[in-house]
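K.L.:
My structure is stored as model-v9.cif, with mmCIF, C-alpha atoms.
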```
data_query
#
loop_
_atom_site.label_atom_id
_atom_site.label_comp_id
_atom_site.auth_asym_id
_atom_site.auth_seq_id
_atom_site.Cartn_x
_atom_site.Cartn_y
_atom_site.Cartn_z
CA LEU J 1 -21.74 -4.73 0.21
CA SER J 2 -20.78 -7.06 3.03
CA ASN J 3 -17.92 -8.70 1.09
CA MET J 4 -17.16 -6.36 -1.83
CA MET J 5 -13.79 -5.40 -0.33
CA GLU J 6 -12.69 -9.02 -0.68
CA TRP J 7 -12.38 -8.41 -4.43
CA TYR J 8 -10.34 -5.23 -4.11
CA ALA J 9 -7.98 -6.74 -1.54
CA HIS J 10 -7.50 -10.16 -3.12
CA PRO J 11 -3.90 -10.55 -4.42
CA LEU J 12 -4.99 -12.41 -7.58
CA VAL J 13 -7.78 -10.05 -8.69
CA TYR J 14 -7.05 -6.98 -10.81
CA THR J 15 -8.29 -3.58 -9.69
CA PHE J 16 -9.17 -1.25 -12.57
CA LYS J 17 -9.32 2.42 -11.60
CA LEU J 18 -11.48 4.66 -13.79
CA THR J 19 -9.74 7.90 -12.83
CA ARG J 20 -11.09 10.07 -15.65
CA LEU J 21 -14.64 11.31 -15.96
CA PRO J 22 -16.31 10.79 -19.36
CA LYS J 23 -15.82 13.68 -21.76
CA GLY J 24 -18.44 16.33 -21.26
CA TYR J 25 -19.71 14.88 -17.98
CA PRO J 26 -22.35 15.57 -16.69
CA THR J 27 -23.75 16.83 -19.99
CA GLY J 28 -25.71 14.10 -21.75
CA PHE J 29 -26.21 11.99 -18.61
CA LYS J 30 -29.56 11.43 -16.93
CA PHE J 31 -29.88 11.43 -13.15
CA PRO J 32 -32.76 10.37 -10.89
CA PRO J 33 -34.97 13.18 -9.61
CA GLY J 34 -33.33 15.06 -6.76
CA VAL J 35 -29.85 13.63 -7.45
CA GLU J 36 -27.12 16.10 -8.33
CA PRO J 37 -24.17 14.84 -10.43
CA ASN J 38 -21.02 14.19 -8.43
CA LEU J 39 -18.29 16.35 -9.98
CA ALA J 40 -15.49 15.26 -7.61
CA ASP J 41 -12.47 13.62 -9.21
CA TYR J 42 -11.55 10.00 -8.54
CA ILE J 43 -9.40 10.27 -5.42
CA ASN J 44 -11.83 12.72 -3.78
CA ARG J 45 -14.77 10.30 -3.97
CA GLY J 46 -15.36 8.33 -0.81
CA TRP J 47 -16.04 4.93 -2.36
CA CYS J 48 -13.21 5.27 -4.87
CA PHE J 49 -10.80 6.31 -2.11
CA CYS J 50 -11.79 3.26 -0.07
CA GLU J 51 -11.51 0.83 -2.98
CA SER J 52 -8.11 2.28 -3.91
CA SER J 53 -6.89 2.12 -0.29
CA VAL J 54 -7.99 -1.51 0.10
CA SER J 55 -6.19 -2.35 -3.17
CA ASN J 56 -3.00 -0.98 -1.58
CA LEU J 57 -3.06 -3.35 1.40
CA ILE J 58 -1.38 -6.54 0.16
CA LYS J 59 -2.01 -6.67 -3.58
CA SER J 60 0.98 -6.33 -5.93
CA TYR J 61 1.13 -2.97 -7.72
CA LEU J 62 1.18 -5.00 -10.94
CA MET J 63 -2.43 -5.93 -10.20
CA VAL J 64 -3.70 -2.33 -9.98
CA LEU J 65 -4.27 -0.54 -13.28
CA ASP J 66 -5.17 3.12 -13.78
CA LEU J 67 -7.30 3.28 -16.91
CA GLY J 68 -7.01 7.05 -16.85
CA LYS J 69 -3.64 6.38 -18.49
CA PHE J 70 -5.17 4.30 -21.26
CA ASP J 71 -4.25 5.30 -24.82
CA GLU J 72 -6.25 3.37 -27.40
CA GLU J 73 -3.77 4.22 -30.17
CA SER J 74 -0.61 2.94 -28.50
CA MET J 75 -2.10 0.29 -26.21
CA THR J 76 -3.45 -2.25 -28.64
CA GLU J 77 -2.48 -5.40 -26.72
CA TRP J 78 -3.07 -6.53 -23.15
CA LEU J 79 0.65 -6.36 -22.32
CA ASP J 80 0.66 -2.71 -23.45
CA VAL J 81 -2.24 -1.93 -21.16
CA ASN J 82 -0.73 -3.88 -18.27
CA LYS J 83 2.53 -1.93 -18.48
CA GLY J 84 1.26 1.49 -19.52
CA CYS J 85 -1.60 1.69 -17.03
CA ARG J 86 0.14 0.54 -13.86
CA ALA J 87 -0.98 2.75 -11.01
CA ASN J 88 1.47 4.40 -8.64
CA ARG J 89 1.69 2.26 -5.50
CA ALA J 90 0.91 4.11 -2.28
CA PRO J 91 1.74 2.57 1.10
CA PRO J 92 -1.16 1.12 3.10
CA LEU J 93 -3.08 3.32 5.52
CA THR J 94 -4.03 2.33 9.04
CA PRO J 95 -7.73 2.63 9.99
CA SER J 96 -6.89 5.62 12.22
CA GLU J 97 -5.33 7.39 9.22
CA PHE J 98 -8.05 6.32 6.82
CA ARG J 99 -10.95 7.69 8.88
CA PRO J 100 -10.00 11.43 8.85
CA GLU J 101 -9.01 11.20 5.18
CA LEU J 102 -12.39 9.70 4.31
CA ALA J 103 -14.13 12.54 6.13
CA THR J 104 -12.82 14.94 3.48
CA LYS J 105 -14.18 12.89 0.57
CA SER J 106 -17.36 13.31 -1.44
CA PHE J 107 -20.36 10.97 -1.25
CA THR J 108 -23.70 11.04 -3.00
CA SER J 109 -25.18 10.18 0.41
CA LYS J 110 -22.53 11.01 3.01
CA ASN J 111 -24.68 10.35 6.09
CA ALA J 112 -25.62 6.90 4.86
CA ASP J 113 -22.27 5.80 3.44
CA GLU J 114 -19.35 7.29 5.40
CA GLU J 115 -19.52 5.16 8.53
CA MET J 116 -20.22 2.03 6.52
CA VAL J 117 -17.16 2.65 4.35
CA ASN J 118 -15.01 3.19 7.45
CA ARG J 119 -16.21 -0.14 8.83
CA LEU J 120 -15.62 -1.97 5.54
CA PHE J 121 -12.05 -0.66 5.34
CA GLU J 122 -11.20 -1.45 8.95
CA ASP J 123 -12.58 -4.98 8.71
CA GLU J 124 -10.61 -5.69 5.53
CA PHE J 125 -7.44 -4.10 6.94
CA ASN J 126 -7.56 -6.30 10.04
CA LYS J 127 -8.29 -9.44 8.05
CA ARG J 128 -5.77 -9.03 5.24
CA MET J 129 -2.93 -7.59 7.27
CA GLY J 130 -3.54 -10.14 10.00
CA GLU J 131 -3.20 -13.04 7.55
CA VAL J 132 -0.46 -11.82 5.20
CA THR J 133 2.92 -13.59 5.31
CA THR J 134 4.74 -11.59 2.59
CA LEU J 135 4.71 -7.90 1.72
CA TYR J 136 6.49 -6.99 -1.50
CA TYR J 137 7.45 -3.32 -1.79
CA ARG J 138 10.42 -3.55 -4.17
CA GLU J 139 11.27 -1.09 -6.96
CA LEU J 140 8.57 1.46 -6.14
CA LYS J 141 10.80 4.57 -5.87
CA TRP J 142 9.74 4.81 -2.23
CA THR J 143 11.54 7.23 0.09
CA ASP J 144 11.61 7.70 3.86
CA LYS J 145 8.05 9.03 3.71
CA GLU J 146 6.65 5.72 2.49
CA ALA J 147 8.81 3.70 4.89
CA VAL J 148 7.46 5.77 7.80
CA ALA J 149 3.93 5.07 6.57
CA VAL J 150 4.57 1.32 6.62
CA SER J 151 6.10 1.62 10.08
CA LYS J 152 2.74 2.93 11.31
CA VAL J 153 1.09 -0.24 10.02
CA ILE J 154 3.76 -2.33 11.76
CA ALA J 155 3.23 -0.42 14.99
CA THR J 156 -0.44 -1.48 15.14
CA GLY J 157 0.71 -5.05 15.75
CA VAL J 158 -1.59 -6.38 13.04
CA LEU J 159 1.24 -8.06 11.07
CA LYS J 160 1.51 -10.95 13.49
CA ASN J 161 1.99 -13.55 10.72
CA LEU J 162 4.35 -11.59 8.46
CA GLU J 163 7.44 -13.64 7.55
CA THR J 164 9.06 -11.71 4.68
CA LEU J 165 9.21 -7.95 4.07
CA HIS J 166 10.78 -6.64 0.85
CA PHE J 167 11.91 -3.00 0.47
CA GLY J 168 14.76 -3.53 -1.99
CA PHE J 169 15.62 -1.17 -4.86
CA ASN J 170 14.02 1.95 -3.37
CA GLN J 171 15.32 5.27 -2.02
CA ILE J 172 14.88 4.71 1.70
CA GLY J 173 17.39 6.34 4.03
CA ASP J 174 18.16 6.41 7.74
CA VAL J 175 14.94 8.20 8.76
CA GLY J 176 12.76 5.53 7.18
CA VAL J 177 14.81 2.64 8.54
CA ARG J 178 14.82 4.10 12.06
CA ALA J 179 11.02 4.32 11.92
CA LEU J 180 10.80 0.70 10.74
CA ALA J 181 13.24 -0.46 13.41
CA GLU J 182 11.41 1.42 16.16
CA ALA J 183 8.08 -0.11 15.17
CA ALA J 184 9.57 -3.61 14.85
CA GLY J 185 11.48 -3.14 18.11
CA LYS J 186 8.22 -3.29 20.02
CA GLY J 187 7.76 -6.97 19.20
CA THR J 188 5.20 -6.30 16.49
CA LEU J 189 6.75 -8.70 13.93
CA PRO J 190 6.99 -11.96 15.90
CA GLN J 191 7.30 -14.18 12.80
CA LEU J 192 9.60 -12.06 10.61
CA ARG J 193 12.32 -14.20 9.03
CA LEU J 194 13.49 -12.11 6.07
CA LEU J 195 13.95 -8.35 5.73
CA ASP J 196 15.22 -7.04 2.40
CA LEU J 197 16.55 -3.45 2.42
CA SER J 198 19.11 -3.88 -0.36
CA ARG J 199 19.87 -1.07 -2.82
CA ASN J 200 18.58 1.85 -0.82
CA GLN J 201 20.33 4.85 0.76
CA ILE J 202 20.82 3.53 4.26
CA GLY J 203 23.81 4.66 6.32
CA ASP J 204 25.28 3.78 9.70
CA ALA J 205 22.54 5.52 11.70
CA GLY J 206 19.82 3.41 10.13
CA VAL J 207 21.75 0.19 10.54
CA MET J 208 22.47 0.97 14.20
CA ALA J 209 18.73 1.31 14.79
CA LEU J 210 18.20 -2.09 13.17
CA ALA J 211 21.02 -3.55 15.25
CA GLU J 212 19.30 -2.34 18.41
CA ALA J 213 16.07 -4.08 17.41
CA VAL J 214 18.01 -7.27 16.71
CA GLY J 215 20.04 -7.00 19.89
CA ASN J 216 17.09 -6.54 22.24
CA GLY J 217 15.53 -9.77 21.02
CA THR J 218 12.37 -8.34 19.47
CA LEU J 219 13.46 -9.64 16.05
CA GLN J 220 14.61 -12.99 17.35
CA THR J 221 13.07 -14.92 14.43
CA LEU J 222 14.99 -12.89 11.82
CA GLU J 223 17.22 -15.18 9.75
CA ASN J 224 18.02 -13.10 6.65
CA LEU J 225 18.80 -9.38 6.52
CA PHE J 226 19.78 -7.99 3.11
CA LEU J 227 21.60 -4.64 3.15
CA HIS J 228 23.95 -4.77 0.17
CA ASP J 229 24.41 -1.70 -2.03
CA ASN J 230 23.66 0.89 0.63
CA LYS J 231 25.91 3.49 2.29
CA ILE J 232 26.91 1.50 5.33
CA GLY J 233 30.33 2.01 6.90
CA ASP J 234 32.37 0.23 9.55
CA SER J 235 30.31 1.57 12.46
CA GLY J 236 27.11 0.11 11.09
CA VAL J 237 28.70 -3.24 10.33
CA MET J 238 30.21 -3.46 13.81
CA ALA J 239 26.87 -2.62 15.43
CA LEU J 240 25.17 -5.42 13.50
CA ALA J 241 27.93 -7.88 14.31
CA GLN J 242 27.69 -7.14 18.02
CA ALA J 243 23.90 -7.43 17.96
CA ALA J 244 24.05 -10.79 16.23
#
```
Go ahead and express the file in the form of structure tokens.
P.N.:
Amino acid sequence: LSNMMEWYAHPLVYTFKLTRLPKGYPTGFKFPPGVEPNLADYINRGWCFCESSVSNLIKSYLMVLDLGKFDEESMTEWLDVNKGCRANRAPPLTPSEFRPELATKSFTSKNADEEMVNRLFEDEFNKRMGEVTTLYYRELKWTDKEAVAVSKVIATGVLKNLETLHFGFNQIGDVGVRALAEAAGKGTLPQLRLLDLSRNQIGDAGVMALAEAVGNGTLQTLENLFLHDNKIGDSGVMALAQAA
């Protein structure tokens, strides 16, 4: 138990989610005396929620497979499974967000497990996010909602070693970028060198917020800012030029 989250968080280890209960469950299954079968679905189980949340910290979404999507007739090769069972990538949660969510989940022994699971998640969050140098969130169909969620992680100050942050090819607009800029503008990304926001839906308002963060010196290590294929006009470009 002390290091099980290492496996779920590790970027080179697959996470397999068993999101479907066996057919007929709990009929045909034997349980120890006094133990009632847990009928909660995957995401409403405390341990499953934790393991899924830890897998969302730094691991690539390509390394998280939802076997609830498995089709034995069409998925006959590993590449079929790898593509057809890719889980939807949720943004990472902060420990303060994780704790109230976990309180709503089901445990076989809630009194014994809930606090331990909170501690396991928080410890892994602080370790992994504190060490990570690259976060890759490209091509996930993320909107402002997901960008705001990541901004909450940034605001904790845990990403002190982050050097590259990729958000390209999503659907993030001005609201999401303003949240990211506000969080980064507090000096929470002291090592950031590359920020990729290309091919989103960012306009002048979002770029002006970024320009402010650049101009006040809190992103002084930033060397590369990718914003091509957005909705930026002259005002946004001028704000960036003046900040630089």
K.L.:
Would you mind telling me which residue in J:Ala90, J:Ile58, J:Ala239, J:Leu21 lies nearest to Asp41 in chain J when using only C-alpha atoms?
P.N.:
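Checking each candidate against Asp41 in chain J, we get J:Leu21 as the closest.
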K.L.:
Go through the shown structure with the PyMOL selection byres ((chain J and resi 129) around 8) and write out the matching residues as a PDB file with C-alpha atoms, in the frame of the given file.
P.N.:
```
ATOM      1  CA  LEU J  57      -3.060  -3.350   1.400  1.00  0.00           C
ATOM      2  CA  ILE J  58      -1.380  -6.540   0.160  1.00  0.00           C
ATOM      3  CA  PHE J 125      -7.440  -4.100   6.940  1.00  0.00           C
ATOM      4  CA  ASN J 126      -7.560  -6.300  10.040  1.00  0.00           C
ATOM      5  CA  LYS J 127      -8.290  -9.440   8.050  1.00  0.00           C
ATOM      6  CA  ARG J 128      -5.770  -9.030   5.240  1.00  0.00           C
ATOM      7  CA  GLY J 130      -3.540 -10.140  10.000  1.00  0.00           C
ATOM      8  CA  GLU J 131      -3.200 -13.040   7.550  1.00  0.00           C
ATOM      9  CA  VAL J 132      -0.460 -11.820   5.200  1.00  0.00           C
ATOM     10  CA  VAL J 158      -1.590  -6.380  13.040  1.00  0.00           C
ATOM     11  CA  LEU J 159       1.240  -8.060  11.070  1.00  0.00           C
TER      12      LEU J 159
END
```
K.L.:
Around (2.3, 4.7, 8.7) in the file's own coordinates, what residues are found within 10 Å if you use all atoms listed in the file, given back as a list in words?
P.N.:
Pro91, Pro92, Leu93, Thr94, Ser96, Glu97, Lys145, Glu146, Ala147, Val148, Ala149, Val150, Ser151, Lys152, Val153, Ile154, Ala155, Thr156, Ala179, Leu180 and Ala183 of chain J
K.L.:
Please enumerate the residues selected by the PyMOL selection byres ((chain J and resi 235) around 10) when evaluated against the supplied file, formatted as an MDAnalysis selection string.
P.N.:
chainID J and resid 203:205 207:208 232:234 236:241
K.L.:
Name the residues that the PyMOL selection byres ((chain J and resi 83) around 12) pulls out of this structure, and write them as a PyMOL selection string.
P.N.:
chain J and resi 61-67+69-71+74-82+84-88
K.L.:
Considering all atoms listed in the file, state which residue in the set J:Leu227, J:Gly187, J:Glu114, J:Leu135 is at the smallest distance from Phe49 in chain J.
P.N.:
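Closest candidate: J:Glu114.
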K.L.:
Provide the CA of Glu51 in chain J to CA of Glu124 in chain J distance in Å, to one decimal place.
P.N.:
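Computing the Euclidean distance for CA of Glu51 in chain J and CA of Glu124 in chain J yields 10.8 Å.
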K.L.:
Residues within 10 Å of (15.0, -2.2, -4.1), file coordinates, counting all atoms listed in the file: what are they? Give the list as an MDAnalysis selection string.
P.N.:
chainID J and resid 137:142 166:172 196:200 229
K.L.:
Rounded to one decimal, what separation in Å do you get between CA of Met5 in chain J and CA of Val117 in chain J?
P.N.:
9.9 Å
K.L.:
Which value, in Å to one decimal, gives the distance between CA of Gln191 in chain J and CA of Leu219 in chain J?
P.N.:
8.3 Å
K.L.:
Using all atoms listed in the file, can you tell me which of J:Ser2, J:Gln220, J:Asn118, J:Asn38 comes closest to Ser53 in chain J?
P.N.:
J:Asn118
K.L.:
Determine the nearest neighbour of Glu163 in chain J from the options J:Gly206, J:Gly176, J:Pro190, J:Gly217, counting only C-alpha atoms.
P.N.:
J:Pro190
K.L.:
Nearest residue to Ala112 in chain J out of J:Glu72, J:Val177, J:Gly46, J:Lys59, using only C-alpha atoms?
P.N.:
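Among the listed residues, J:Gly46 lies closest to Ala112 in chain J.
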K.L.:
Would you mind putting N, CA and C atoms back on range 29-52 of chain J and writing the result as a short mmCIF file (atom, residue, chain, number, x, y, z; two decimals), in the frame of the given file?
P.N.:
```
data_model
loop_
_atom_site.label_atom_id
_atom_site.label_comp_id
_atom_site.auth_asym_id
_atom_site.auth_seq_id
_atom_site.Cartn_x
_atom_site.Cartn_y
_atom_site.Cartn_z
N PHE J 29 -25.89 13.07 -19.54
CA PHE J 29 -26.21 11.99 -18.61
C PHE J 29 -27.51 12.30 -17.89
N LYS J 30 -28.30 11.27 -17.63
CA LYS J 30 -29.56 11.43 -16.93
C LYS J 30 -29.40 10.97 -15.48
N PHE J 31 -29.97 11.73 -14.58
CA PHE J 31 -29.88 11.43 -13.15
C PHE J 31 -31.28 11.32 -12.55
N PRO J 32 -31.45 10.49 -11.53
CA PRO J 32 -32.76 10.37 -10.89
C PRO J 32 -33.20 11.71 -10.31
N PRO J 33 -34.47 11.92 -10.18
CA PRO J 33 -34.97 13.18 -9.61
C PRO J 33 -34.38 13.45 -8.23
N GLY J 34 -33.90 14.66 -8.03
CA GLY J 34 -33.33 15.06 -6.76
C GLY J 34 -31.86 14.71 -6.58
N VAL J 35 -31.26 14.03 -7.54
CA VAL J 35 -29.85 13.63 -7.45
C VAL J 35 -29.00 14.58 -8.29
N GLU J 36 -28.04 15.22 -7.63
CA GLU J 36 -27.12 16.10 -8.33
C GLU J 36 -25.89 15.31 -8.77
N PRO J 37 -25.36 15.57 -9.97
CA PRO J 37 -24.17 14.84 -10.43
C PRO J 37 -22.97 15.12 -9.53
N ASN J 38 -22.22 14.07 -9.25
CA ASN J 38 -21.02 14.19 -8.43
C ASN J 38 -19.86 14.61 -9.33
N LEU J 39 -19.35 15.81 -9.12
CA LEU J 39 -18.29 16.35 -9.98
C LEU J 39 -16.90 16.15 -9.37
N ALA J 40 -16.80 15.49 -8.23
CA ALA J 40 -15.49 15.26 -7.61
C ALA J 40 -14.65 14.32 -8.47
N ASP J 41 -13.34 14.52 -8.45
CA ASP J 41 -12.47 13.62 -9.21
C ASP J 41 -12.30 12.30 -8.45
N TYR J 42 -11.60 11.37 -9.05
CA TYR J 42 -11.55 10.00 -8.54
C TYR J 42 -11.13 9.92 -7.08
N ILE J 43 -9.97 10.47 -6.74
CA ILE J 43 -9.40 10.27 -5.42
C ILE J 43 -10.18 11.03 -4.35
N ASN J 44 -11.04 11.96 -4.75
CA ASN J 44 -11.83 12.72 -3.78
C ASN J 44 -13.24 12.16 -3.61
N ARG J 45 -13.49 10.99 -4.17
CA ARG J 45 -14.77 10.30 -3.97
C ARG J 45 -14.59 9.23 -2.90
N GLY J 46 -15.52 9.21 -1.95
CA GLY J 46 -15.36 8.33 -0.81
C GLY J 46 -15.22 6.86 -1.15
N TRP J 47 -16.11 6.34 -2.00
CA TRP J 47 -16.04 4.93 -2.36
C TRP J 47 -14.78 4.62 -3.16
N CYS J 48 -14.43 5.49 -4.07
CA CYS J 48 -13.21 5.27 -4.87
C CYS J 48 -11.98 5.29 -3.98
N PHE J 49 -11.93 6.22 -3.03
CA PHE J 49 -10.80 6.31 -2.11
C PHE J 49 -10.68 5.03 -1.29
N CYS J 50 -11.80 4.50 -0.85
CA CYS J 50 -11.79 3.26 -0.07
C CYS J 50 -11.31 2.09 -0.93
N GLU J 51 -11.87 1.95 -2.10
CA GLU J 51 -11.51 0.83 -2.98
C GLU J 51 -10.03 0.90 -3.36
N SER J 52 -9.53 2.11 -3.59
CA SER J 52 -8.11 2.28 -3.91
C SER J 52 -7.25 1.94 -2.70
#
```
